Amino acid sequence: METAGETKLREYSRAEVAKHDNAQSLWVIRGNQVFDLTTFHTDHPGGSDVLMQFAGQDVTEVMRDSSIHTHAIQAYRVLKDFYVGEITSDERQDLPPASGCDEMEQVEEEKFLDINRPLFMQMWNSKFTREFYIREVHKAHHLPRPAVFFANSFCETFTRTPWWVIPVYWVPIMVTLLVLGVKYEPPNVMLVGFVFGLVSWTLLEYSMHRFVFHYDENIPEGTIAQVAHFLLHGVHHFLPMDPLRLVMPPALSTFLGLNILGLLCCIFTPGMVHAVAAGLTAGYVLYDECHYWLHHGTSSNKHLSQLKTYHLRHHYKDFKAGFGITSDFWDTVFGTQFATPAMGFRFLTLIRPFMAIIPEVAAPDRKVAFNQKVLWTVITLLIFLVLSQVPLYGIMSSDSSDPLYWMRVILASNRGTLMEFGITPIITSGMIMQLLAGAQIISVDYSLREDRALFSGAQKLFAMLITFGSATVAVMTGQYGDPKSLGAGICLLLIIQLFVAGAIVILLDEMLQKGYGLGSGINLFIATNICEDIVWKSLSPLTVNNGKGPEFEGAIISFFHLLFVRSNKFKALFEAFTRSQLPNLTNLVATALVFAVVIYLQGFRVEIPIKSARFRGHRAAYPIKLFYTSNMPIMLQSALASNVFMISQLLYRRFPDNLLVKLFGVWEPYQGSSQFFPTSGLTYYMTPPKSFINTLKDPIHFVFYVAYMLTACAVLSRAWLDISGSGPRDVARELREQQTVIAGYRDTTMYKELKRIIPTAATVGGVIIGILSISADLMGAIGSGTGILLAVTIIYNYFETFAKEQAEMGAMGVGGM
């Protein structure tokens, strides 16, 4: 057999090529060029048998025939690596171009990596842009031997992992976990945990492949990020058939496994930790072995053949879809299948059967008058206030530490009442769906009316499921008393009360959002809950005895009471402003000051001049507010911190002596109350100082808290741009769709100008929101800095809505004259 080196650039007759028709020497002709595929046919994505059918033949039309298989440009790029010569001039044939040009001409000259030299140092010394790197690394190449990463043989050893290493290393670990787990749990419980871990692996596999291995366009600019991406997964797409880079090296998989094991220890009992970990290990072994087979195995089984085709399509056609390895189930659920005309299933179609049974508020058939909107908003508000005051029937006790204490300010909830969960289900469901859609985990076409209806229905369905699940967990975990003491009937009654109240809140929010009222139920309920707290602490007539005799709880009432009963008016005034354990006038003044500052800053904006590309002379201004992301930074930060606090508190109750748990947070009751607060650990530094005096006593706590708040608000504000679809790219696209451009800028440069302004506004606005929240907490503003900021921004938005409605009514009145 003639080698590639001996035959390169030679001319061959078709008869000579036809002699190379076996596995030991397999040549083909494509467009008057000859290719030696002897070392490739066993790695052919469709299997060796497919190539053997055409050994020694002309495959030009075969590669173009879509009824056999549509070959992507990647196939021609791989084919180019095996070029050995040309057909003799007297036997050359004219090649009719497909789609306007020859496919081989579309294969660009390589400007990326030389696959015959060590790859690591080439990457390390590269100066590729992110866009160029991502494009080039996903162009498949082929080597008849394993690629070389390092010139040093010792370093090179750690980059190569044969397929058999995985079961040899991990199966004994899996068996050990099961044997140790049986000491804690009976075999039937272990089996449940094992199956749970095995099934969970499929989602973990999909998630890691999609969001870690294919972070792709989101990796930072720079060589280090590109090298990390290349080592983690890029090389696998660059050389997909390299047999020693198809399974994860044990060192890396062990590191990831230990992190997952630590997370399991925080969630499950010791026995279940062993069972679930064993199931995850089994899933991982099956995954890696299946992955190797998908690249190098063959089978007559139809399902396995389809799975192999599905995965190799991810490599050779579209690396932005088809992330499932052992199954395409999660691709189907999250809408990341390959885009084909036959593909008709998406995640939202799962919701369609439930649409008939989900309660719905019908949209108004005509525009609702402003006074009617006000009326419906007031009725909604009254219903919410009643639900917030009606206690749950059948509860025995709610005096224990409140696990939702840190979240109630943003959840509009009231412990022990029908509003136990407040708007938690709506917010949780809405944020999950928005994150899934914003991150394109699920596919939603908002231009389609059906998609909008299904998306709204999915939010409502999940909100109801969350309500039912939360109610069941709260009752069965003893939040309202021991379930055995309560009895099955009372437990069921409590769950029904919580579920029905939650459903009412969901429908009230939908009613407002569909145009019957003003704004949304979420904002209305949050602002009402916070303002109710401020009003109550200002005007509460209840008396409290803190050792100085009876005192009124309300700051204003207490002020007048002290002035009337105390002979020394100066001391009475001083006490009204400085009393420590109850609301005082300083707290009230601080609250009013924060209100005023936020309202003042709401007016700060940058107005970008825009003009219409359709109507000459038509100009307007596109406002970019200082608080571009409104109150979302503080809401997201509060939700993040509240969840961290809740998890830390639960872990500390369960593992009070665990060192890692203590580093996470130590919780103790505050000043004799039943409510727990962090006294040390990470969570302690995430909580605001209780007063300005405490700031002086522990300045390190204050510094860490300020750094955390400002960083979190800035980062979350920037992140919200991408999640909500309000980033510079989205705004530029919106303006283009409206055939509008920024004055003085071309359509192509509009994005750069928006990118300069919008992220800056979001970051600065987030930092200022954080500063205001910290200031409000230090000054002792009533309700907390987070609560006040939420209330002010919501009330200001309502003010703008009122002004807009009034302006529209005025315009209609003028138009009718």
# chains A, B, ... in the order shown; residues from 1 in each chain; ligands from 1
>>> closest_atom_pairs(of="region 308-408 of chain A", to="region 222-236 of chain A", cutoff="12 Å", atoms="only C-alpha atoms", output="CSV")
residue,atom,partner,partner_atom,distance
A:Leu312,CA,A:His236,CA,11.8
A:His314,CA,A:His236,CA,11.7
A:His315,CA,A:His236,CA,9.0
A:Tyr316,CA,A:His236,CA,11.8
A:Phe319,CA,A:Gly234,CA,11.0
>>> residues_around(residues="Ala437 (chain A)", least_positions_apart="5", cutoff="10 Å", atoms="only C-alpha atoms", output="list in words")
Phe334, Met431, Ile432, Ile442, Ser443, Val444, Asp445, Phe455, Ile723, Ser724 and Gly725 of chain A
>>> closest_atom_pairs(of="region 518-607 of chain A", to="region 685-707 of chain A", cutoff="12 Å", atoms="only C-alpha atoms", output="tab-separated table")
residue	atom	partner	partner_atom	distance
A:Thr578	CA	A:Ser691	CA	11.9
A:Ser580	CA	A:Ser691	CA	9.7
A:Gln581	CA	A:Lys690	CA	11.4
A:Asn587	CA	A:Ser691	CA	11.1
>>> closest_atom_pairs(of="region 317-426 of chain A", to="region 199-203 of chain A", cutoff="12 Å", atoms="only C-alpha atoms", output="JSON lines")
{"residue": "A:Phe323", "atom": "CA", "partner": "A:Leu203", "partner_atom": "CA", "distance": 10.6}
{"residue": "A:Gly324", "atom": "CA", "partner": "A:Thr202", "partner_atom": "CA", "distance": 8.1}
{"residue": "A:Ile325", "atom": "CA", "partner": "A:Thr202", "partner_atom": "CA", "distance": 8.6}
{"residue": "A:Thr326", "atom": "CA", "partner": "A:Thr202", "partner_atom": "CA", "distance": 7.4}
{"residue": "A:Ser327", "atom": "CA", "partner": "A:Thr202", "partner_atom": "CA", "distance": 7.6}
{"residue": "A:Asp328", "atom": "CA", "partner": "A:Thr202", "partner_atom": "CA", "distance": 9.6}
{"residue": "A:Phe329", "atom": "CA", "partner": "A:Thr202", "partner_atom": "CA", "distance": 8.7}
{"residue": "A:Trp330", "atom": "CA", "partner": "A:Leu203", "partner_atom": "CA", "distance": 6.9}
{"residue": "A:Asp331", "atom": "CA", "partner": "A:Leu203", "partner_atom": "CA", "distance": 10.0}
{"residue": "A:Val333", "atom": "CA", "partner": "A:Leu203", "partner_atom": "CA", "distance": 10.7}
{"residue": "A:Phe334", "atom": "CA", "partner": "A:Leu203", "partner_atom": "CA", "distance": 10.9}
>>> write_last_selection(atoms="N, CA, C and O atoms", output="mmCIF file, in the first residue's frame")
data_model
loop_
_atom_site.group_PDB
_atom_site.id
_atom_site.type_symbol
_atom_site.label_atom_id
_atom_site.label_comp_id
_atom_site.auth_asym_id
_atom_site.auth_seq_id
_atom_site.Cartn_x
_atom_site.Cartn_y
_atom_site.Cartn_z
ATOM 1 N N PHE A 323 -27.488 18.390 23.624
ATOM 2 C CA PHE A 323 -26.525 18.265 24.730
ATOM 3 C C PHE A 323 -26.646 16.938 25.482
ATOM 4 O O PHE A 323 -25.798 16.609 26.290
ATOM 5 N N GLY A 324 -27.727 16.200 25.269
ATOM 6 C CA GLY A 324 -27.882 14.912 25.939
ATOM 7 C C GLY A 324 -26.914 13.889 25.375
ATOM 8 O O GLY A 324 -26.690 13.839 24.161
ATOM 9 N N ILE A 325 -26.342 13.049 26.227
ATOM 10 C CA ILE A 325 -25.404 12.009 25.790
ATOM 11 C C ILE A 325 -26.084 10.638 25.858
ATOM 12 O O ILE A 325 -26.221 9.950 24.853
ATOM 13 N N THR A 326 -26.514 10.259 27.054
ATOM 14 C CA THR A 326 -27.144 8.946 27.230
ATOM 15 C C THR A 326 -28.618 8.968 26.839
ATOM 16 O O THR A 326 -29.236 7.916 26.711
ATOM 17 N N SER A 327 -29.189 10.166 26.668
ATOM 18 C CA SER A 327 -30.594 10.292 26.300
ATOM 19 C C SER A 327 -30.836 11.703 25.779
ATOM 20 O O SER A 327 -30.133 12.642 26.153
ATOM 21 N N ASP A 328 -31.854 11.838 24.918
ATOM 22 C CA ASP A 328 -32.223 13.170 24.426
ATOM 23 C C ASP A 328 -33.420 13.722 25.198
ATOM 24 O O ASP A 328 -34.026 14.711 24.773
ATOM 25 N N PHE A 329 -33.754 13.094 26.347
ATOM 26 C CA PHE A 329 -34.947 13.484 27.102
ATOM 27 C C PHE A 329 -34.897 14.944 27.526
ATOM 28 O O PHE A 329 -35.836 15.708 27.305
ATOM 29 N N TRP A 330 -33.777 15.374 28.151
ATOM 30 C CA TRP A 330 -33.710 16.751 28.666
ATOM 31 C C TRP A 330 -33.602 17.754 27.532
ATOM 32 O O TRP A 330 -34.040 18.909 27.663
ATOM 33 N N ASP A 331 -33.042 17.353 26.386
ATOM 34 C CA ASP A 331 -33.068 18.230 25.210
ATOM 35 C C ASP A 331 -34.512 18.492 24.794
ATOM 36 O O ASP A 331 -34.868 19.605 24.412
ATOM 37 N N VAL A 333 -37.183 18.296 26.816
ATOM 38 C CA VAL A 333 -37.851 19.089 27.849
ATOM 39 C C VAL A 333 -37.501 20.566 27.731
ATOM 40 O O VAL A 333 -38.374 21.440 27.801
ATOM 41 N N PHE A 334 -36.199 20.864 27.525
ATOM 42 C CA PHE A 334 -35.751 22.254 27.532
ATOM 43 C C PHE A 334 -35.632 22.863 26.130
ATOM 44 O O PHE A 334 -35.130 23.969 25.966
#
>>> residues_around(residues="Asp36 (chain A)", least_positions_apart="6", cutoff="8 Å", atoms="only C-alpha atoms", output="list in words")
Ala4, Ser25, Leu26, Trp27, Val28, Phe82, Tyr83 and Val84 of chain A
>>> residues_around(residues="Leu465 (chain A)", least_positions_apart="5", cutoff="9 Å", atoms="only C-alpha atoms", output="list in words")
Pro425, Lys460 and Ser470 of chain A
>>> write_last_selection(atoms="N, CA and C atoms", output="mmCIF file, in the first residue's frame")
data_model
loop_
_atom_site.group_PDB
_atom_site.id
_atom_site.type_symbol
_atom_site.label_atom_id
_atom_site.label_comp_id
_atom_site.auth_asym_id
_atom_site.auth_seq_id
_atom_site.Cartn_x
_atom_site.Cartn_y
_atom_site.Cartn_z
ATOM 1 N N PRO A 425 -45.145 31.908 46.012
ATOM 2 C CA PRO A 425 -45.322 31.048 44.841
ATOM 3 C C PRO A 425 -45.264 31.817 43.525
ATOM 4 N N LYS A 460 -48.499 29.982 36.111
ATOM 5 C CA LYS A 460 -49.608 29.825 37.047
ATOM 6 C C LYS A 460 -49.651 28.393 37.607
ATOM 7 N N SER A 470 -45.460 23.744 49.329
ATOM 8 C CA SER A 470 -45.015 24.500 50.503
ATOM 9 C C SER A 470 -45.961 24.284 51.677
#
>>> residues_around(residues="region 166-169 of chain A", least_positions_apart="3", cutoff="9 Å", atoms="only C-alpha atoms", output="list of chain:residue names")
A:Thr161, A:Pro162, A:Trp163, A:Pro172, A:Ile173, A:Val247, A:Met248, A:Pro249, A:Pro250, A:Val285, A:Leu286, A:Asp288, A:Glu289
>>> residues_around(residues="region 633-647 of chain A", least_positions_apart="3", cutoff="8 Å", atoms="only C-alpha atoms", output="list in words")
Pro403, Leu404, Trp406, Met407, Ile410, Thr629, Ser630, Leu650, Leu651, Thr683, Met686, Met709, Ala712, Cys713, Ala714, Leu716, Ser717, Trp720, Gly766, Ile769, Gly770, Thr786, Leu789 and Leu790 of chain A
>>> residues_around(residues="region 192-197 of chain A", least_positions_apart="3", cutoff="8 Å", atoms="only C-alpha atoms", output="VMD selection string")
chain A and resid 188 to 189 200 to 201 272 275 to 280 283
>>> write_last_selection(atoms="C-alpha atoms", output="compact mmCIF listing (two decimals), in the first residue's frame")
# COMPACT_ATOMS: atom_id res chain seq x y z
CA ASN A 188 -35.04 -1.01 50.24
CA VAL A 189 -34.29 2.59 51.28
CA SER A 200 -30.57 12.57 38.74
CA TRP A 201 -27.35 11.96 36.84
CA MET A 272 -29.07 8.34 51.77
CA ALA A 275 -27.08 5.59 48.24
CA VAL A 276 -27.50 8.73 46.12
CA ALA A 277 -23.73 9.08 45.66
CA ALA A 278 -23.55 5.45 44.49
CA GLY A 279 -26.38 6.10 42.02
CA LEU A 280 -24.66 9.21 40.68
CA GLY A 283 -24.74 7.12 36.15
>>> closest_residue(among="A:Gly469, A:Pro144, A:Pro391, A:Gly478", to="Arg415 (chain A)", atoms="only C-alpha atoms")
A:Pro391
>>> select_by_dssp(residues="region 692-752 of chain A", states="helix (DSSP H, G or I)", output="VMD selection string")
chain A and resid 692 to 697 699 to 724 728 to 737 750 to 752
>>> atom_distance(atom1="CA of Gly765 (chain A)", atom2="CA of Ala621 (chain A)")
20.2 Å
>>> select_by_dssp(residues="region 82-166 of chain A", states="strand (DSSP E)", output="PDB file with C-alpha atoms, in the first residue's frame")
ATOM      1  CA  TYR A  83      -5.974  14.309   0.462  1.00  0.00           C
ATOM      2  CA  VAL A  84      -3.345  12.301  -1.482  1.00  0.00           C
ATOM      3  CA  GLY A  85      -3.612  13.369  -5.115  1.00  0.00           C
ATOM      4  CA  GLU A  86      -5.629  14.124  -8.256  1.00  0.00           C
ATOM      5  CA  ILE A  87      -7.397  12.168 -10.981  1.00  0.00           C
TER       6      ILE A  87
END
>>> closest_residue(among="A:Ala501, A:Ile134, A:Leu754, A:Leu51", to="Glu607 (chain A)", atoms="only C-alpha atoms")
A:Leu754
>>> closest_residue(among="A:Ser773, A:Asn371, A:Thr749, A:Thr281", to="Leu518 (chain A)", atoms="only C-alpha atoms")
A:Asn371
>>> closest_residue(among="A:Thr88, A:Phe370, A:Asp49, A:Ser726", to="Ala803 (chain A)", atoms="only C-alpha atoms")
A:Phe370
>>> atom_distance(atom1="CA of Thr349 (chain A)", atom2="CA of Ser447 (chain A)")
16.4 Å
